[in-house]
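Everything on this sheet refers to the single structure shown next.
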Amino acid sequence: MHLEEIDLQNLYFVRLNPGDDMLVSLREAVEKLDIKNGIILGGVGSTSSYHFHVVSTGINPPEEIYTRGKAPADIVSLSGMILNGKVHAHISYSNDRIAYGGHLEVGTTVLTFAVVTLAKIKNEIRDWDLIGNIDSILAEKSRSSVPGT
């Protein structure tokens, strides 16, 4: 485990419109707002189509299954991180029968609207989504950035 205090800079609401691709729009917002590192605190709304992936094996690196389709659903939750300008978002959808979701992919389309809350932070957290022990990863990055090592 690795703990780090976050230095919060700004909070933003991002409103998406019917027909917007959620991941494409979030990437555009991150670029426009100049968010290098941040947190996706939450999201609400509805979608008319979905595209996500989930891990399908219990070994590293895991294999992944991609699921896509067209069906109306509510966004139950949306969370994630922005790491070195890259959006890493997880989404949960629901309809009247089931809830489902995973890692957000291009192809999830807004039905009525979607509102996402983003937090811009000062911290450097770009390697936090790499597979492995985070302390070892950060130590290796630190050693490789020191001249002569």
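Lettering and numbering for the structure tokens are positional, with chains as A, B, ... in the shown order, residues counted from 1 in each chain, and ligands counted from 1 in the shown order.
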Open item on the list: What's around range 70-77 of chain A at 9 Å? Count only C-alpha atoms, leave out sequence neighbours fewer than 2 positions away in its own chain, and write the answer as a PyMOL selection string.
Closed with: chain A and resi 42-50+68+79+90-96+99+108+111+114
TODO: Apply DSSP to the backbone of this structure and, from range 11-127 of chain A, keep only the residues in strand (DSSP E or B); write these as a PyMOL selection string.
DONE: chain A and resi 11-16+21+38-55+64-83+86-94+99-104+109-121
Open item on the list: I need the residues of range 21-81 of chain A that end up classed as alpha helix (DSSP H) by DSSP on the backbone, written out as a PyMOL selection string.
Closed with: chain A and resi 22-32
TODO: Can you pull out every residue within 9 Å of Ile131 in chain A, counting only C-alpha atoms, but drop anything in the same chain fewer than 6 positions away, and send it as number ranges by chain?
DONE: A: 60-61, 137
Could those residues be written to a file, using C-alpha atoms, as a PDB file, in the first residue's frame?
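Result saved to part_34.pdb:
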```pdb
ATOM      1  CA  ASN A  60      -1.065 -10.529 -14.371  1.00  0.00           C
ATOM      2  CA  PRO A  61      -1.318  -9.097 -16.865  1.00  0.00           C
ATOM      3  CA  ILE A 137       7.411   1.043  -9.233  1.00  0.00           C
TER       4      ILE A 137
END
```
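Among the candidates A:Val24, A:Val54, A:Leu104, A:Met1, the one nearest to Asp135 in chain A when counting only C-alpha atoms is A:Met1.
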Open item on the list: With distances taken over only C-alpha atoms, which residue among A:Gly85, A:Gly107, A:Arg97, A:Leu130 lies nearest Lys36 in chain A?
Closed with: A:Gly85
Open item on the list: Please compute the CA of Asp129 in chain A-CA of Ala89 in chain A distance, one decimal, in Å.
Closed with: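 Between CA of Asp129 in chain A and CA of Ala89 in chain A the gap works out to 11.3 Å.
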Open item on the list: as a VMD selection string, please: the residues near range 2-18 of chain A (cut-off 10 Å, only C-alpha atoms, same-chain neighbours under 5 positions excluded).
Closed with: chain A and resid 25 to 26 29 to 30 33 35 38 to 48 109 to 125 128 133 to 135 138
Filtering to N, CA and C atoms, could you give me those residues as an mmCIF file, in the first residue's frame?
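Full text of selection_24.cif as output:
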```cif
data_model
loop_
_atom_site.group_PDB
_atom_site.id
_atom_site.type_symbol
_atom_site.label_atom_id
_atom_site.label_comp_id
_atom_site.auth_asym_id
_atom_site.auth_seq_id
_atom_site.Cartn_x
_atom_site.Cartn_y
_atom_site.Cartn_z
ATOM 1 N N SER A 25 -15.550 12.873 -24.825
ATOM 2 C CA SER A 25 -15.860 14.162 -24.202
ATOM 3 C C SER A 25 -15.024 14.400 -22.947
ATOM 4 N N LEU A 26 -14.824 13.368 -22.132
ATOM 5 C CA LEU A 26 -13.986 13.519 -20.938
ATOM 6 C C LEU A 26 -12.543 13.823 -21.321
ATOM 7 N N ALA A 29 -12.455 17.449 -22.291
ATOM 8 C CA ALA A 29 -12.555 18.310 -21.106
ATOM 9 C C ALA A 29 -11.221 18.363 -20.363
ATOM 10 N N VAL A 30 -10.575 17.220 -20.203
ATOM 11 C CA VAL A 30 -9.282 17.158 -19.515
ATOM 12 C C VAL A 30 -8.254 18.017 -20.244
ATOM 13 N N LEU A 33 -9.301 21.813 -19.888
ATOM 14 C CA LEU A 33 -9.092 22.300 -18.529
ATOM 15 C C LEU A 33 -7.635 22.166 -18.077
ATOM 16 N N ILE A 35 -5.844 19.506 -17.275
ATOM 17 C CA ILE A 35 -5.706 18.635 -16.107
ATOM 18 C C ILE A 35 -4.671 17.564 -16.435
ATOM 19 N N GLY A 38 -5.587 14.132 -11.922
ATOM 20 C CA GLY A 38 -6.839 14.467 -11.272
ATOM 21 C C GLY A 38 -7.632 13.240 -10.872
ATOM 22 N N ILE A 39 -8.825 13.533 -10.359
ATOM 23 C CA ILE A 39 -9.712 12.488 -9.870
ATOM 24 C C ILE A 39 -11.090 12.685 -10.499
ATOM 25 N N ILE A 40 -11.670 11.610 -10.994
ATOM 26 C CA ILE A 40 -13.062 11.626 -11.428
ATOM 27 C C ILE A 40 -13.867 11.252 -10.196
ATOM 28 N N LEU A 41 -14.518 12.249 -9.611
ATOM 29 C CA LEU A 41 -15.203 12.049 -8.335
ATOM 30 C C LEU A 41 -16.558 11.380 -8.479
ATOM 31 N N GLY A 42 -17.216 11.568 -9.619
ATOM 32 C CA GLY A 42 -18.524 10.955 -9.798
ATOM 33 C C GLY A 42 -19.182 11.416 -11.072
ATOM 34 N N GLY A 43 -20.273 10.754 -11.398
ATOM 35 C CA GLY A 43 -21.032 11.117 -12.579
ATOM 36 C C GLY A 43 -22.437 10.551 -12.502
ATOM 37 N N VAL A 44 -23.368 11.267 -13.117
ATOM 38 C CA VAL A 44 -24.765 10.834 -13.197
ATOM 39 C C VAL A 44 -25.267 11.090 -14.606
ATOM 40 N N GLY A 45 -26.388 10.475 -14.942
ATOM 41 C CA GLY A 45 -27.002 10.694 -16.243
ATOM 42 C C GLY A 45 -27.543 9.396 -16.808
ATOM 43 N N SER A 46 -27.625 9.356 -18.132
ATOM 44 C CA SER A 46 -28.111 8.147 -18.796
ATOM 45 C C SER A 46 -27.389 7.967 -20.121
ATOM 46 N N THR A 47 -27.402 6.728 -20.605
ATOM 47 C CA THR A 47 -26.734 6.394 -21.860
ATOM 48 C C THR A 47 -27.673 5.630 -22.791
ATOM 49 N N SER A 48 -27.398 5.752 -24.086
ATOM 50 C CA SER A 48 -28.163 5.008 -25.084
ATOM 51 C C SER A 48 -27.371 3.828 -25.637
ATOM 52 N N THR A 109 -22.523 6.311 -25.312
ATOM 53 C CA THR A 109 -23.177 7.524 -25.803
ATOM 54 C C THR A 109 -24.219 8.021 -24.803
ATOM 55 N N VAL A 110 -24.215 9.334 -24.566
ATOM 56 C CA VAL A 110 -25.154 9.964 -23.641
ATOM 57 C C VAL A 110 -26.556 9.943 -24.237
ATOM 58 N N LEU A 111 -27.560 9.584 -23.431
ATOM 59 C CA LEU A 111 -28.959 9.603 -23.851
ATOM 60 C C LEU A 111 -29.602 10.955 -23.525
ATOM 61 N N THR A 112 -29.817 11.271 -22.258
ATOM 62 C CA THR A 112 -30.490 12.517 -21.863
ATOM 63 C C THR A 112 -29.482 13.615 -21.542
ATOM 64 N N PHE A 113 -28.566 13.309 -20.650
ATOM 65 C CA PHE A 113 -27.467 14.182 -20.249
ATOM 66 C C PHE A 113 -26.541 13.357 -19.374
ATOM 67 N N ALA A 114 -25.359 13.881 -19.117
ATOM 68 C CA ALA A 114 -24.463 13.321 -18.109
ATOM 69 C C ALA A 114 -23.716 14.485 -17.480
ATOM 70 N N VAL A 115 -23.528 14.421 -16.180
ATOM 71 C CA VAL A 115 -22.737 15.408 -15.462
ATOM 72 C C VAL A 115 -21.633 14.663 -14.722
ATOM 73 N N VAL A 116 -20.392 15.104 -14.933
ATOM 74 C CA VAL A 116 -19.227 14.473 -14.325
ATOM 75 C C VAL A 116 -18.509 15.518 -13.480
ATOM 76 N N THR A 117 -18.089 15.131 -12.282
ATOM 77 C CA THR A 117 -17.321 16.017 -11.415
ATOM 78 C C THR A 117 -15.856 15.607 -11.464
ATOM 79 N N LEU A 118 -14.995 16.565 -11.839
ATOM 80 C CA LEU A 118 -13.554 16.338 -11.927
ATOM 81 C C LEU A 118 -12.835 17.184 -10.887
ATOM 82 N N ALA A 119 -11.762 16.646 -10.325
ATOM 83 C CA ALA A 119 -10.897 17.387 -9.404
ATOM 84 C C ALA A 119 -9.493 17.426 -9.997
ATOM 85 N N LYS A 120 -8.962 18.622 -10.149
ATOM 86 C CA LYS A 120 -7.582 18.803 -10.615
ATOM 87 C C LYS A 120 -6.674 18.821 -9.394
ATOM 88 N N ILE A 121 -5.583 18.043 -9.453
ATOM 89 C CA ILE A 121 -4.653 17.989 -8.322
ATOM 90 C C ILE A 121 -3.247 18.361 -8.777
ATOM 91 N N LYS A 122 -2.424 18.776 -7.825
ATOM 92 C CA LYS A 122 -1.034 19.144 -8.118
ATOM 93 C C LYS A 122 -0.106 17.946 -8.110
ATOM 94 N N ASN A 123 -0.484 16.873 -7.417
ATOM 95 C CA ASN A 123 0.381 15.712 -7.243
ATOM 96 C C ASN A 123 0.740 15.054 -8.568
ATOM 97 N N GLU A 124 1.915 14.446 -8.607
ATOM 98 C CA GLU A 124 2.370 13.656 -9.747
ATOM 99 C C GLU A 124 2.007 12.200 -9.482
ATOM 100 N N ILE A 125 1.006 11.673 -10.188
ATOM 101 C CA ILE A 125 0.518 10.307 -9.919
ATOM 102 C C ILE A 125 0.475 9.459 -11.187
ATOM 103 N N TRP A 128 0.444 5.321 -11.143
ATOM 104 C CA TRP A 128 -0.383 4.622 -10.178
ATOM 105 C C TRP A 128 -1.240 3.518 -10.786
ATOM 106 N N ASN A 133 3.660 -3.745 -7.474
ATOM 107 C CA ASN A 133 3.781 -3.074 -6.186
ATOM 108 C C ASN A 133 4.112 -1.609 -6.427
ATOM 109 N N ILE A 134 3.236 -0.702 -6.021
ATOM 110 C CA ILE A 134 3.408 0.722 -6.323
ATOM 111 C C ILE A 134 4.683 1.280 -5.705
ATOM 112 N N ASP A 135 5.064 0.851 -4.503
ATOM 113 C CA ASP A 135 6.292 1.358 -3.895
ATOM 114 C C ASP A 135 7.516 0.959 -4.723
ATOM 115 N N LEU A 138 7.494 3.119 -7.964
ATOM 116 C CA LEU A 138 7.920 4.499 -7.711
ATOM 117 C C LEU A 138 9.412 4.569 -7.388
#
```
